[in-house]
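Text of target38.cif (mmCIF, C-alpha atoms) as supplied:
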```cif
data_model
loop_
_atom_site.label_atom_id
_atom_site.label_comp_id
_atom_site.auth_asym_id
_atom_site.auth_seq_id
_atom_site.Cartn_x
_atom_site.Cartn_y
_atom_site.Cartn_z
CA MET J 1 0.00 0.00 0.00
CA VAL J 2 1.15 3.52 -0.78
CA GLN J 3 1.98 5.70 2.21
CA PRO J 4 -0.53 8.54 2.72
CA ILE J 5 0.62 12.10 2.27
CA ASN J 6 1.58 13.72 5.57
CA THR J 7 3.77 16.64 4.50
CA PHE J 8 2.58 19.54 2.42
CA LEU J 9 4.10 22.31 0.29
CA GLU J 10 3.27 25.70 1.72
CA ASP J 11 2.06 28.30 -0.78
CA ASP J 12 5.01 30.62 -0.13
CA LYS J 13 7.46 27.78 -0.86
CA ARG J 14 5.53 26.84 -4.00
CA ASP J 15 5.68 30.47 -5.12
CA ARG J 16 9.44 30.54 -4.42
CA LEU J 17 9.92 27.37 -6.49
CA LYS J 18 7.92 28.90 -9.34
CA ASP J 19 10.11 32.02 -9.15
CA ILE J 20 13.26 29.87 -9.19
CA LEU J 21 11.98 27.91 -12.20
CA THR J 22 11.04 31.14 -14.00
CA GLU J 23 14.53 32.48 -13.36
CA ALA J 24 16.06 29.19 -14.58
CA ASP J 25 13.94 29.45 -17.73
CA GLN J 26 15.16 33.01 -18.34
CA ILE J 27 18.79 31.93 -17.84
CA MET J 28 18.52 28.86 -20.07
CA ARG J 29 16.49 30.21 -23.01
CA PRO J 30 19.31 32.31 -24.53
CA VAL J 31 21.70 29.31 -24.59
CA CYS J 32 19.26 26.47 -25.25
CA HIS J 33 17.84 25.31 -28.55
CA ALA J 34 14.42 23.81 -29.22
CA LEU J 35 14.57 21.25 -32.01
CA THR J 36 11.71 20.35 -34.29
CA ASN J 37 10.85 16.65 -34.60
CA ASP J 38 12.68 16.56 -37.92
CA GLU J 39 15.77 18.21 -36.43
CA GLN J 40 15.76 15.78 -33.51
CA HIS J 41 16.06 12.92 -36.01
CA ARG J 42 18.79 14.62 -38.04
CA VAL J 43 21.12 15.52 -35.16
CA LEU J 44 24.21 13.30 -35.17
CA LYS J 45 24.41 10.88 -32.25
CA PRO J 46 27.95 10.06 -31.12
CA ARG J 47 29.26 6.61 -30.34
CA LYS J 48 29.11 5.45 -26.76
CA GLY J 49 32.30 6.22 -24.85
CA VAL J 50 33.33 9.14 -27.06
CA ASP J 51 34.16 11.55 -24.21
CA PRO J 52 37.71 10.36 -23.48
CA MET J 53 38.37 10.14 -27.22
CA MET J 54 37.12 13.71 -27.68
CA HIS J 55 39.66 14.96 -25.14
CA LEU J 56 42.45 12.91 -26.76
CA LEU J 57 41.51 14.42 -30.12
CA PHE J 58 41.66 17.93 -28.66
CA ASP J 59 45.07 17.25 -27.07
CA VAL J 60 46.59 15.94 -30.31
CA LEU J 61 45.10 18.80 -32.34
CA GLN J 62 46.56 21.31 -29.89
CA GLU J 63 49.98 19.55 -29.88
CA ARG J 64 50.08 19.64 -33.70
CA GLY J 65 48.63 23.13 -34.03
CA ILE J 66 45.77 21.91 -36.20
CA ASP J 67 42.75 24.18 -36.31
CA ILE J 68 40.19 24.44 -39.12
CA PRO J 69 38.78 27.98 -39.45
CA SER J 70 35.25 26.72 -40.24
CA CYS J 71 35.31 24.48 -37.14
CA PRO J 72 37.68 25.95 -34.52
CA VAL J 73 38.86 23.59 -31.78
CA ASP J 74 38.12 26.19 -29.10
CA HIS J 75 34.52 26.31 -30.28
CA LEU J 76 34.28 22.50 -30.11
CA LYS J 77 35.69 22.54 -26.57
CA LYS J 78 33.00 25.04 -25.56
CA VAL J 79 30.33 22.88 -27.20
CA VAL J 80 31.55 19.81 -25.28
CA HIS J 81 31.52 21.84 -22.05
CA LEU J 82 27.93 22.96 -22.79
CA GLU J 83 26.98 19.33 -23.47
CA HIS J 84 28.29 18.31 -20.03
CA GLN J 85 26.53 21.24 -18.35
CA MET J 86 23.22 20.39 -20.00
CA HIS J 87 23.58 16.70 -19.15
CA ALA J 88 24.04 17.51 -15.45
CA LEU J 89 21.03 19.86 -15.53
CA MET J 90 18.92 17.27 -17.39
CA ASN J 91 19.67 14.66 -14.73
CA GLN J 92 18.70 17.02 -11.92
CA LEU J 93 15.57 18.19 -13.74
CA ASP J 94 14.56 14.57 -14.48
CA ILE J 95 14.77 13.77 -10.76
CA LEU J 96 12.74 16.85 -9.81
CA HIS J 97 10.22 16.17 -12.58
CA GLN J 98 9.72 12.59 -11.39
CA LEU J 99 9.32 13.75 -7.77
CA ALA J 100 6.72 16.33 -8.79
CA ARG J 101 4.87 13.84 -11.04
CA ASP J 102 4.83 11.10 -8.39
CA THR J 103 3.63 13.52 -5.71
CA TYR J 104 0.95 14.87 -8.06
CA ARG J 105 -0.27 11.34 -8.82
CA LEU J 106 -0.27 10.35 -5.15
CA ALA J 107 -2.12 13.53 -4.11
CA ARG J 108 -4.62 13.10 -6.96
CA GLY J 109 -5.27 9.48 -5.98
CA GLU J 110 -5.54 10.25 -2.27
CA ALA J 111 -7.95 13.12 -3.00
CA TRP J 112 -10.08 10.79 -5.16
CA ASP J 113 -10.08 8.14 -2.43
CA GLY J 114 -11.26 10.72 0.09
CA PHE J 115 -13.87 11.97 -2.36
CA LEU J 116 -15.24 8.45 -2.80
CA ASN J 117 -15.37 7.86 0.96
CA TYR J 118 -17.19 11.10 1.69
CA TYR J 119 -19.47 10.71 -1.31
CA GLY J 120 -20.51 7.32 0.08
CA ILE J 121 -21.33 8.87 3.44
CA LEU J 122 -23.31 11.75 1.90
CA ASN J 123 -25.12 9.38 -0.46
CA SER J 124 -26.15 7.27 2.52
CA ILE J 125 -27.40 10.37 4.37
CA ALA J 126 -29.21 11.51 1.20
CA SER J 127 -31.30 8.33 1.23
CA ARG J 128 -32.81 9.61 4.50
CA SER J 129 -32.65 13.38 3.94
CA PRO J 130 -34.35 15.03 0.96
CA GLU J 131 -32.47 18.26 1.77
CA VAL J 132 -29.06 16.54 1.46
CA LYS J 133 -30.23 14.60 -1.60
CA ASN J 134 -31.22 17.83 -3.32
CA ARG J 135 -27.93 19.51 -2.31
CA ILE J 136 -25.73 16.69 -3.67
CA LYS J 137 -27.79 16.11 -6.82
CA PRO J 138 -24.86 17.20 -9.07
CA LEU J 139 -22.59 14.71 -7.24
CA ILE J 140 -25.11 11.91 -7.65
CA GLU J 141 -25.46 12.65 -11.37
CA PHE J 142 -21.69 12.87 -11.77
CA MET J 143 -21.18 9.51 -10.08
CA SER J 144 -24.15 7.69 -11.63
CA ASN J 145 -23.82 5.27 -14.52
CA SER J 146 -26.48 7.26 -16.35
CA GLY J 147 -24.00 10.14 -16.48
CA ARG J 148 -21.71 8.03 -18.65
CA LYS J 149 -22.13 7.27 -22.32
CA GLY J 150 -21.70 3.53 -21.86
CA SER J 151 -19.30 0.91 -20.59
CA ALA J 152 -17.27 1.10 -23.81
CA ASP J 153 -16.47 4.71 -22.94
CA ARG J 154 -15.41 3.86 -19.35
CA LYS J 155 -11.72 4.28 -20.26
CA ASN J 156 -12.47 7.81 -21.46
CA ASP J 157 -14.23 8.47 -18.14
CA ILE J 158 -10.95 8.18 -16.20
CA GLU J 159 -9.02 11.44 -15.96
CA GLU J 160 -5.51 11.08 -17.36
CA ASP J 161 -2.41 12.57 -15.78
CA ASP J 162 -1.30 15.87 -17.23
CA GLU J 163 1.71 15.02 -19.36
#
```
Entire entry expressed as structure tokens:
Amino acid sequence: MVQPINTFLEDDKRDRLKDILTEADQIMRPVCHALTNDEQHRVLKPRKGVDPMMHLLFDVLQERGIDIPSCPVDHLKKVVHLEHQMHALMNQLDILHQLARDTYRLARGEAWDGFLNYYGILNSIASRSPEVKNRIKPLIEFMSNSGRKGSADRKNDIEEDDE
């Protein structure tokens, strides 16, 4: 069984995180590149284990004084450095993204579980109280099978995670 949520993000901390992420976005946008689907498929993908070979290549080029004007070695070194910086950021962002997604899913599920429990209680009370029944009429309609198009559409009745 999944552990229930017992710690919460205070609004001021959430706002601070949003500010931090906005600032990170503003810092990254000038140096980052968004690729189209076509560009993503056309970008060259290096062989596994190329990093040590890249540095060996740079060392030998520097020792021999080889530098092509259309592809300067210094530029390539900066590109490799950017690659390493982005990789480290991607790893950290992946971890944070997974934490946020898992917490969202857990909170969403726990909220739905609580909703179902309290709906059951109110529905039971409604069977004895016309006032409560009238008040929760939208809930009853929402939860009733008649509110659905049919069992074939049941899959479409389940709210998907925001991707």
Next item on the list: Enter the distance from CA of Asn123 in chain J to CA of Ile136 in chain J, in Å, rounded to one decimal.
Entry: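 Rounded to one decimal, the two atoms are 8.0 Å apart.
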Next item on the list: Could you tell me which of J:Val31, J:Leu96, J:Ala111, J:Val80 comes closest to His55 in chain J if we count all atoms listed in the file?
Entry: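 The closest residue to His55 in chain J is J:Val80.
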Margin query: What's the separation between CA of Asp74 in chain J and CA of Gln40 in chain J, in Å to one decimal place?
Written below: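 Between these atoms lies a distance of 25.1 Å.
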Notebook entry, point to check: Hey, which of J:Leu21, J:Ser70, J:Gln85, J:Gly65 ends up closest to His97 in chain J? Count all atoms listed in the file.
Noted result: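 That would be J:Leu21, the residue with the smallest distance to His97 in chain J.
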Non-local contacts of Ile5 in chain J (8 Å; all atoms listed in the file; under 4 positions in same chain excluded) as a PDB file with C-alpha atoms, keeping the file's coordinate frame:
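Result file follows (around.pdb):
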```pdb
ATOM      1  CA  LEU J 106      -0.270  10.350  -5.150  1.00  0.00           C
ATOM      2  CA  ALA J 107      -2.120  13.530  -4.110  1.00  0.00           C
ATOM      3  CA  GLU J 110      -5.540  10.250  -2.270  1.00  0.00           C
TER       4      GLU J 110
END
```
Margin query: If I take CA of Leu17 in chain J and CA of Val2 in chain J, how far is one from the other in Å, to one decimal?
Written below: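 Rounded to one decimal, the two atoms are 26.0 Å apart.
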